[in-house]
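> For reference, the file structure-v4.txt (compact mmCIF, C-alpha atoms) is included below:
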```
# COMPACT_ATOMS: atom_id res chain seq x y z
CA MET A 950 13.80 4.08 -47.21
CA HIS A 951 16.91 3.94 -45.05
CA ALA A 952 16.82 2.92 -41.40
CA ILE A 953 19.15 1.78 -38.65
CA THR A 954 19.12 -2.01 -38.72
CA ILE A 955 20.46 -4.51 -36.18
CA GLU A 956 21.34 -7.80 -37.86
CA GLN A 957 23.02 -9.19 -34.75
CA PRO A 958 22.95 -7.82 -31.18
CA GLY A 959 26.21 -6.28 -30.06
CA GLY A 960 28.11 -3.07 -29.52
CA PRO A 961 27.49 0.26 -31.24
CA GLU A 962 28.89 -1.14 -34.48
CA ALA A 963 25.78 -3.36 -34.70
CA LEU A 964 23.82 -0.26 -35.76
CA VAL A 965 23.88 -0.11 -39.57
CA TRP A 966 22.25 2.56 -41.78
CA ALA A 967 20.80 0.44 -44.58
CA ASP A 968 17.88 -0.09 -46.93
CA ALA A 969 14.67 -1.14 -45.19
CA PRO A 970 11.03 -1.66 -46.22
CA ASP A 971 8.83 1.42 -46.23
CA PRO A 972 6.20 1.49 -43.47
CA VAL A 973 2.53 2.03 -44.33
CA ALA A 974 0.00 4.03 -42.31
CA GLY A 975 -2.61 1.55 -41.09
CA ASP A 976 -6.03 2.28 -39.61
CA GLY A 977 -5.71 4.98 -36.98
CA GLU A 978 -2.14 5.79 -37.96
CA VAL A 979 -0.23 8.48 -39.82
CA LEU A 980 3.04 8.22 -41.72
CA VAL A 981 5.73 10.63 -40.56
CA GLU A 982 8.73 11.72 -42.63
CA VAL A 983 11.31 11.75 -39.86
CA ALA A 984 13.41 14.85 -39.34
CA ALA A 985 15.06 13.63 -36.15
CA SER A 986 14.97 10.97 -33.48
CA ALA A 987 16.61 10.78 -30.07
CA VAL A 988 18.79 8.24 -28.28
CA ASN A 989 17.41 6.55 -25.15
CA ARG A 990 18.79 3.86 -22.82
CA ALA A 991 16.15 1.49 -24.16
CA ASP A 992 17.74 1.78 -27.61
CA VAL A 993 21.03 0.56 -26.16
CA LEU A 994 19.31 -2.41 -24.54
CA GLN A 995 17.58 -3.24 -27.83
CA ARG A 996 20.91 -3.05 -29.66
CA GLN A 997 22.39 -5.45 -27.10
CA GLY A 998 19.53 -7.91 -27.56
CA PHE A 999 17.95 -7.35 -24.12
CA TYR A 1000 14.85 -5.31 -25.01
CA ASN A 1001 12.95 -6.49 -28.05
CA PRO A 1002 10.19 -4.32 -29.53
CA PRO A 1003 6.64 -5.26 -28.49
CA PRO A 1004 4.61 -7.35 -30.96
CA GLY A 1005 3.67 -5.43 -34.08
CA ALA A 1006 6.16 -2.61 -33.47
CA SER A 1007 8.88 -1.55 -35.90
CA PRO A 1008 12.07 -3.60 -35.60
CA HIS A 1009 14.17 -0.43 -35.79
CA PRO A 1010 15.20 1.36 -32.58
CA GLY A 1011 13.96 4.81 -31.70
CA LEU A 1012 11.22 5.63 -29.18
CA GLU A 1013 10.52 9.19 -30.27
CA CYS A 1014 10.81 11.35 -33.36
CA SER A 1015 9.90 14.62 -34.99
CA GLY A 1016 8.96 15.26 -38.61
CA ARG A 1017 6.13 16.02 -41.02
CA ILE A 1018 3.02 13.98 -41.74
CA SER A 1019 3.20 12.54 -45.27
CA ALA A 1020 0.15 10.23 -45.27
CA ILE A 1021 -2.92 9.63 -43.15
CA GLY A 1022 -4.56 6.26 -42.55
CA ALA A 1023 -8.25 5.48 -42.27
CA GLY A 1024 -10.09 6.75 -39.22
CA VAL A 1025 -7.67 9.57 -38.40
CA SER A 1026 -9.02 13.08 -37.86
CA GLY A 1027 -7.53 16.30 -36.57
CA TRP A 1028 -4.27 15.97 -38.51
CA SER A 1029 -3.29 16.94 -42.07
CA VAL A 1030 -0.52 16.06 -44.49
CA GLY A 1031 2.31 18.52 -43.94
CA ASP A 1032 1.69 19.06 -40.23
CA GLU A 1033 4.88 19.34 -38.19
CA VAL A 1034 4.70 16.86 -35.33
CA CYS A 1035 6.66 14.94 -32.76
CA ALA A 1036 5.64 11.50 -31.58
CA LEU A 1037 5.96 8.84 -28.91
CA LEU A 1038 6.89 5.52 -30.56
CA SER A 1039 7.12 1.83 -29.74
CA GLY A 1040 10.07 1.73 -32.15
CA GLY A 1041 11.10 2.90 -35.59
CA GLY A 1042 12.43 6.39 -34.92
CA TYR A 1043 15.87 5.61 -36.34
CA ALA A 1044 14.53 5.71 -39.90
CA GLN A 1045 13.47 8.05 -42.68
CA ARG A 1046 9.79 7.19 -42.19
CA VAL A 1047 7.70 5.70 -39.41
CA ALA A 1048 4.02 4.83 -38.92
CA VAL A 1049 2.58 6.34 -35.73
CA PRO A 1050 -0.75 5.78 -33.95
CA ALA A 1051 -2.58 9.10 -34.10
CA GLY A 1052 -3.04 9.15 -30.32
CA GLN A 1053 0.73 9.34 -29.88
CA LEU A 1054 1.20 12.47 -32.00
CA LEU A 1055 1.90 15.91 -30.62
CA PRO A 1056 2.21 19.21 -32.48
CA VAL A 1057 5.67 20.73 -32.38
CA PRO A 1058 5.34 23.16 -29.47
CA ALA A 1059 5.65 26.89 -30.02
CA GLY A 1060 9.22 28.12 -29.69
CA VAL A 1061 10.84 24.76 -30.49
CA ASP A 1062 12.33 23.94 -33.90
CA LEU A 1063 11.42 20.74 -35.72
CA VAL A 1064 14.68 18.86 -35.00
CA THR A 1065 14.85 19.81 -31.33
CA ALA A 1066 11.24 18.66 -30.86
CA ALA A 1067 12.50 15.07 -31.19
CA ALA A 1068 13.99 15.45 -27.69
CA LEU A 1069 10.59 15.83 -26.07
CA PRO A 1070 8.03 12.99 -26.45
CA GLU A 1071 9.67 10.12 -24.57
CA VAL A 1072 11.16 12.10 -21.69
CA VAL A 1073 8.14 14.31 -21.14
CA SER A 1074 5.73 11.37 -21.30
CA THR A 1075 7.91 9.37 -18.90
CA VAL A 1076 8.31 12.17 -16.38
CA TRP A 1077 4.72 13.40 -16.49
CA SER A 1078 3.20 9.93 -16.22
CA ASN A 1079 5.42 8.79 -13.35
CA VAL A 1080 6.09 11.90 -11.29
CA PHE A 1081 2.68 13.53 -11.66
CA MET A 1082 0.04 11.04 -12.86
CA VAL A 1083 1.26 8.14 -10.68
CA ALA A 1084 3.32 9.61 -7.82
CA GLY A 1085 1.22 12.77 -7.60
CA LEU A 1086 3.98 15.29 -6.87
CA ARG A 1087 2.43 18.40 -5.35
CA PRO A 1088 3.59 22.01 -4.87
CA GLY A 1089 5.85 22.34 -1.85
CA GLU A 1090 6.93 18.68 -1.88
CA THR A 1091 10.48 17.49 -2.45
CA LEU A 1092 11.38 15.40 -5.52
CA LEU A 1093 14.66 13.45 -5.65
CA VAL A 1094 15.80 12.70 -9.19
CA HIS A 1095 18.53 10.14 -9.74
CA GLY A 1096 20.56 10.92 -12.85
CA GLY A 1097 19.67 14.59 -12.81
CA SER A 1098 21.84 15.41 -15.83
CA SER A 1099 20.22 12.82 -18.10
CA GLY A 1100 17.48 13.55 -20.60
CA ILE A 1101 14.89 12.35 -18.09
CA GLY A 1102 16.57 14.21 -15.25
CA THR A 1103 16.86 17.56 -16.99
CA MET A 1104 13.16 17.45 -17.85
CA ALA A 1105 12.10 16.25 -14.38
CA ILE A 1106 13.94 19.15 -12.73
CA GLN A 1107 12.19 21.71 -14.88
CA LEU A 1108 8.70 20.23 -14.62
CA ALA A 1109 8.91 19.84 -10.86
CA LYS A 1110 10.09 23.42 -10.43
CA ALA A 1111 7.33 24.63 -12.75
CA VAL A 1112 4.68 23.19 -10.42
CA GLY A 1113 6.31 24.59 -7.29
CA ALA A 1114 8.20 21.57 -5.93
CA ARG A 1115 11.68 21.49 -4.41
CA VAL A 1116 14.14 19.39 -6.40
CA ALA A 1117 17.11 17.31 -5.28
CA VAL A 1118 19.33 15.54 -7.80
CA THR A 1119 22.12 13.03 -7.88
CA ALA A 1120 24.75 13.27 -10.61
CA GLY A 1121 28.42 12.48 -11.08
CA GLY A 1122 30.76 15.45 -10.74
CA LYS A 1123 30.63 19.20 -10.21
CA GLU A 1124 30.08 20.05 -13.87
CA LYS A 1125 26.94 17.96 -14.20
CA LEU A 1126 25.61 19.21 -10.88
CA ALA A 1127 26.22 22.79 -12.00
CA ARG A 1128 24.09 22.18 -15.09
CA CYS A 1129 21.33 20.75 -12.89
CA ALA A 1130 21.50 23.88 -10.72
CA GLU A 1131 21.10 26.05 -13.82
CA LEU A 1132 17.86 24.20 -14.57
CA GLY A 1133 16.56 24.87 -11.07
CA ALA A 1134 17.75 21.99 -8.88
CA ASP A 1135 17.89 23.06 -5.23
CA ILE A 1136 19.81 20.18 -3.61
CA LEU A 1137 22.91 18.90 -5.42
CA ILE A 1138 24.31 15.48 -4.51
CA ASP A 1139 27.46 14.01 -6.06
CA TYR A 1140 26.77 10.28 -5.88
CA ARG A 1141 30.49 9.56 -6.29
CA GLU A 1142 31.40 11.32 -3.05
CA GLN A 1143 28.21 11.72 -1.03
CA ASP A 1144 25.54 9.46 0.45
CA PHE A 1145 22.25 10.62 -1.03
CA VAL A 1146 20.27 9.30 1.96
CA GLU A 1147 22.26 11.43 4.39
CA GLU A 1148 22.20 14.45 2.10
CA ILE A 1149 18.46 14.41 1.44
CA ARG A 1150 17.70 13.97 5.12
CA ALA A 1151 20.01 16.85 6.03
CA ALA A 1152 18.46 19.11 3.40
CA THR A 1153 14.89 18.34 4.52
CA GLY A 1154 15.33 18.52 8.27
CA GLY A 1155 15.25 14.75 8.53
CA ALA A 1156 11.99 14.37 6.63
CA GLY A 1157 13.26 12.86 3.36
CA ALA A 1158 11.97 13.06 -0.21
CA ASP A 1159 8.25 12.95 -0.92
CA VAL A 1160 8.82 11.49 -4.39
CA ILE A 1161 11.88 9.73 -5.82
CA LEU A 1162 12.32 9.15 -9.55
CA ASP A 1163 14.72 6.23 -9.85
CA ILE A 1164 16.64 4.82 -12.82
CA MET A 1165 18.83 2.42 -10.87
CA GLY A 1166 16.47 -0.27 -9.58
CA ALA A 1167 17.93 -2.95 -7.33
CA LYS A 1168 21.15 -1.15 -6.37
CA TYR A 1169 19.29 1.79 -4.85
CA LEU A 1170 16.12 0.08 -3.60
CA THR A 1171 16.95 -0.11 0.13
CA ARG A 1172 18.53 3.34 0.22
CA ASN A 1173 15.66 4.86 -1.71
CA VAL A 1174 13.19 3.58 0.89
CA ASP A 1175 15.48 5.01 3.60
CA ALA A 1176 15.46 8.36 1.79
CA LEU A 1177 11.65 8.55 1.49
CA ALA A 1178 9.54 10.77 3.69
CA VAL A 1179 6.45 9.51 5.48
CA ASN A 1180 3.80 8.93 2.79
CA GLY A 1181 6.60 9.01 0.21
CA ARG A 1182 6.34 7.55 -3.28
CA LEU A 1183 9.16 5.77 -5.12
CA ALA A 1184 8.77 5.60 -8.90
CA ILE A 1185 11.16 3.14 -10.55
CA ILE A 1186 11.64 3.65 -14.29
CA GLY A 1187 15.02 2.01 -14.93
CA LEU A 1188 17.14 -0.95 -13.91
CA GLN A 1189 20.68 0.29 -14.53
CA GLY A 1190 21.65 -1.03 -11.08
CA GLY A 1191 20.16 -4.50 -11.45
CA ILE A 1192 16.82 -6.27 -11.19
CA LYS A 1193 16.82 -8.12 -7.84
CA ALA A 1194 17.13 -6.80 -4.28
CA GLU A 1195 15.77 -7.52 -0.81
CA LEU A 1196 13.19 -5.12 0.56
CA ASN A 1197 12.54 -4.48 4.26
CA LEU A 1198 8.77 -4.27 4.24
CA ALA A 1199 8.76 -3.02 7.83
CA ALA A 1200 10.62 0.10 6.69
CA LEU A 1201 8.05 0.62 3.95
CA LEU A 1202 5.15 0.11 6.37
CA ALA A 1203 6.62 2.49 8.90
CA LYS A 1204 6.63 5.25 6.31
CA ARG A 1205 3.27 4.34 4.77
CA ALA A 1206 5.19 4.56 1.52
CA ALA A 1207 4.44 3.29 -1.98
CA ILE A 1208 6.62 1.84 -4.73
CA THR A 1209 5.60 1.79 -8.38
CA ALA A 1210 7.55 0.47 -11.35
CA THR A 1211 6.54 1.28 -14.90
CA THR A 1212 7.63 1.09 -18.50
CA LEU A 1213 6.12 3.10 -21.33
CA ARG A 1214 6.98 1.21 -24.50
CA ALA A 1215 4.70 -1.81 -24.17
CA ARG A 1216 1.65 -0.06 -22.72
CA PRO A 1217 -1.65 -0.40 -24.60
CA LEU A 1218 -2.39 2.27 -27.19
CA GLU A 1219 -5.17 3.81 -25.12
CA GLU A 1220 -2.86 4.27 -22.12
CA LYS A 1221 -0.20 5.92 -24.26
CA ALA A 1222 -2.82 8.16 -25.85
CA ALA A 1223 -4.03 9.24 -22.40
CA ILE A 1224 -0.49 10.11 -21.32
CA VAL A 1225 0.19 12.03 -24.55
CA ALA A 1226 -3.08 13.94 -24.14
CA ALA A 1227 -2.11 14.88 -20.58
CA VAL A 1228 1.30 16.03 -21.77
CA ARG A 1229 -0.28 18.20 -24.45
CA GLU A 1230 -2.66 19.73 -21.90
CA HIS A 1231 -0.24 20.34 -19.05
CA VAL A 1232 3.29 20.51 -20.46
CA TRP A 1233 2.99 22.03 -23.93
CA PRO A 1234 1.76 25.38 -22.53
CA LEU A 1235 4.81 25.50 -20.23
CA ILE A 1236 7.11 24.98 -23.20
CA ALA A 1237 5.28 27.62 -25.25
CA ALA A 1238 5.64 30.05 -22.36
CA GLY A 1239 9.39 29.39 -22.17
CA ARG A 1240 9.20 27.98 -18.65
CA ILE A 1241 10.75 24.65 -19.64
CA HIS A 1242 12.84 23.61 -22.62
CA PRO A 1243 14.49 20.49 -24.04
CA VAL A 1244 18.17 20.16 -23.20
CA VAL A 1245 20.18 18.83 -26.16
CA HIS A 1246 23.81 17.81 -25.71
CA ALA A 1247 24.67 17.04 -29.35
CA THR A 1248 23.15 16.16 -32.72
CA TYR A 1249 24.48 13.50 -35.12
CA PRO A 1250 23.49 12.33 -38.60
CA MET A 1251 21.41 9.14 -38.34
CA SER A 1252 24.22 7.19 -40.05
CA GLU A 1253 26.42 8.08 -37.04
CA ALA A 1254 24.08 6.44 -34.52
CA PRO A 1255 26.95 4.20 -33.32
CA GLU A 1256 28.89 7.25 -32.13
CA ALA A 1257 25.83 8.66 -30.38
CA HIS A 1258 25.43 5.34 -28.56
CA ARG A 1259 29.08 5.46 -27.47
CA VAL A 1260 28.55 8.91 -25.99
CA LEU A 1261 25.40 7.79 -24.18
CA GLU A 1262 27.11 4.74 -22.71
CA ALA A 1263 30.10 6.84 -21.60
CA SER A 1264 27.66 9.10 -19.69
CA THR A 1265 29.63 12.22 -20.52
CA HIS A 1266 26.57 14.06 -21.84
CA VAL A 1267 23.99 16.35 -20.26
CA GLY A 1268 20.48 16.11 -21.67
CA LYS A 1269 19.54 14.46 -24.95
CA LEU A 1270 21.43 13.13 -27.99
CA LEU A 1271 19.62 13.60 -31.31
CA LEU A 1272 19.91 11.85 -34.67
CA THR A 1273 18.90 13.61 -37.91
CA THR A 1274 17.93 12.02 -41.21
```
Could I get this file's structure written as structure tokens?


Amino acid sequence: MHAITIEQPGGPEALVWADAPDPVAGDGEVLVEVAASAVNRADVLQRQGFYNPPPGASPHPGLECSGRISAIGAGVSGWSVGDEVCALLSGGGYAQRVAVPAGQLLPVPAGVDLVTAAALPEVVSTVWSNVFMVAGLRPGETLLVHGGSSGIGTMAIQLAKAVGARVAVTAGGKEKLARCAELGADILIDYREQDFVEEIRAATGGAGADVILDIMGAKYLTRNVDALAVNGRLAIIGLQGGIKAELNLAALLAKRAAITATTLRARPLEEKAAIVAAVREHVWPLIAAGRIHPVVHATYPMSEAPEAHRVLEASTHVGKLLLTT
């Protein structure tokens, strides 16, 4: 098969569409003929040499895909050759074929085409597991999403609104904020010109956000705690603003607040399967009903993965970038 290979870490040019060994469906796995994959920040880190795949995972980047099942390994039930699926991966999406644990498969939801379905597994699993399974966002609460125009952000806005929450977002510039508003965001904060702590307090009568979904890490840690409401929950899923910061524990204690930090890629198979099952139960019906939808900025041939990475790193996009085989 062909796959995106990385012989040496580096810039986007390190991504090369080349011959690669065919994967084989092992016990509990299926083989998927990939129709499309999607670009995530983790793929950029892997390309740069900062985020290696977990042991046993494919060496190729790509944390989600869509396609058709072409082979089924031992011990797999409930799926058939030819089924159209999308999948959460530990790697390998940037390829013509990938082996997937059966517990990480999802049917392509009603109303979504096969290529577009590649935009769903990673972002939906990330948002649902962090905002709902861990942070427990409830109807009537306020969610603050940093990077509201990103793939994660555009999905978080829609899911939070679907369950009856109020949504605040940070994004850079009026155009991106306008797109967030179209998706349902109630409170729009331009991080280039506004202080999100002041803005979220003003919009909530001084209370703050009940849940914050954060991609920045260290840079925003102190301000995120300041922006939390009493009994607030901060869910950290990215470290774009660094990995080390001081934390005033007294401020955290005063608010009876909680901080969690999670990644999805290296979790045990059973944890991923539980998240995927929850997504299928709670989110897939919302997609089928047209209440939420994947937001796709652009689609590129897989061989043009370097250009897709350049767009992602320039942060000029809204939603997801897809790669097709």

> Quick one: residues within 7 Å of segment 970-974 of chain A, all atoms listed in the file, excluding same-chain residues fewer than 3 positions away - as a ChimeraX atom specification?

/A:950,978-980,1020-1022,1046-1048

> Which centre and which edge lengths, in Å to one decimal, describe the axis-aligned box that holds all listed atoms of segment 1014-1022 of chain A after 6 Å is added on each side, as JSON?


```
{"center_x": 3.1, "center_y": 11.1, "center_z": -39.3, "size_x": 27.4, "size_y": 21.8, "size_z": 23.9}
```

> Work out how far atom CA of Arg1115 of chain A is from atom CA of Leu1188 of chain A, in Å to one decimal.

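Separating atom CA of Leu1188 of chain A from atom CA of Arg1115 of chain A is a distance of 25.0 Å.
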
> Excluding Ala1194 of chain A and residues on its chain fewer than 3 positions from it, collect all residues at most 12 Å away from it, counting all atoms listed in the file, and give them as JSON, numbers by chain.

{"A": [1165, 1166, 1167, 1168, 1169, 1170, 1171, 1172, 1188, 1190, 1191, 1197]}

> Hey, which of A:Arg1214, A:Arg1205, A:Glu1124, A:Ala1134 ends up closest to Ile1106 of chain A? Count all atoms listed in the file.

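Residue with the minimum atom-to-atom distance to Ile1106 of chain A: A:Ala1134.
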
> Could you please determine the separation between atom CA of Arg996 of chain A and atom CA of Val965 of chain A in Å, to one decimal place?

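Between atom CA of Arg996 of chain A and atom CA of Val965 of chain A the gap is 10.8 Å.
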
> Please identify all polymer residues within 10 Å of Cys1014 of chain A, counting all atoms listed in the file, omitting same-chain residues fewer than 3 positions from it, and present them as a PyMOL selection string.

chain A and resi 981-988+1011+1034-1038+1040-1044+1046-1047+1049+1054+1063-1071+1271-1273

> Please report the interatomic distance between atom CA of Gln1053 of chain A and atom CA of Gly1085 of chain A in Å with one decimal.

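Going from atom CA of Gln1053 of chain A over to atom CA of Gly1085 of chain A covers 22.5 Å.
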
> Within 8 Å of (14.4, 11.4, -20.0) (file coordinates; all atoms listed in the file), which protein or nucleic acid residues are there? I'd like them as a ChimeraX atom specification.

/A:989,1071-1073,1075-1076,1099-1105,1268-1269

> Would you mind telling me which residue in A:Asp1144, A:Asp1032, A:Asp1163, A:Asp1175 lies nearest to Gly1187 of chain A when using all atoms listed in the file?

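Among A:Asp1144, A:Asp1032, A:Asp1163, A:Asp1175, it is A:Asp1163 that comes nearest to Gly1187 of chain A.
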
> Would you mind listing what lies within 12 Å of Gly1089 of chain A as a PyMOL selection string, with all atoms listed in the file counted and same-chain residues fewer than 4 positions away left out?

chain A and resi 1109-1116+1153+1158-1160

> Go ahead and dump the residues you just picked, C-alpha atoms, as a PDB file, keeping the file's coordinate frame.


```pdb
ATOM      1  CA  ALA A1109       8.910  19.840 -10.860  1.00  0.00           C
ATOM      2  CA  LYS A1110      10.090  23.420 -10.430  1.00  0.00           C
ATOM      3  CA  ALA A1111       7.330  24.630 -12.750  1.00  0.00           C
ATOM      4  CA  VAL A1112       4.680  23.190 -10.420  1.00  0.00           C
ATOM      5  CA  GLY A1113       6.310  24.590  -7.290  1.00  0.00           C
ATOM      6  CA  ALA A1114       8.200  21.570  -5.930  1.00  0.00           C
ATOM      7  CA  ARG A1115      11.680  21.490  -4.410  1.00  0.00           C
ATOM      8  CA  VAL A1116      14.140  19.390  -6.400  1.00  0.00           C
ATOM      9  CA  THR A1153      14.890  18.340   4.520  1.00  0.00           C
ATOM     10  CA  ALA A1158      11.970  13.060  -0.210  1.00  0.00           C
ATOM     11  CA  ASP A1159       8.250  12.950  -0.920  1.00  0.00           C
ATOM     12  CA  VAL A1160       8.820  11.490  -4.390  1.00  0.00           C
TER      13      VAL A1160
END
```

> Can you tell me which residues surround segment 1228-1230 of chain A at a distance of at most 7 Å, considering all atoms listed in the file, apart from same-chain residues fewer than 3 positions away, and format the answer as a VMD selection string?

chain A and resid 1055 1074 1077 1224 to 1225 1233

> Check the smallest atom-to-atom distance from each of A:Ile1192, A:Ile955, A:Val1267, A:Ala967 to Gly998 of chain A using all atoms listed in the file, then report the winner.

A:Ile955

> Pick out the closest residue to Glu1256 of chain A from this set: A:Ala1237, A:Leu964, A:Leu1162, A:Ala1206. Count all atoms listed in the file.

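Of all the options, A:Leu964 lies closest to Glu1256 of chain A.
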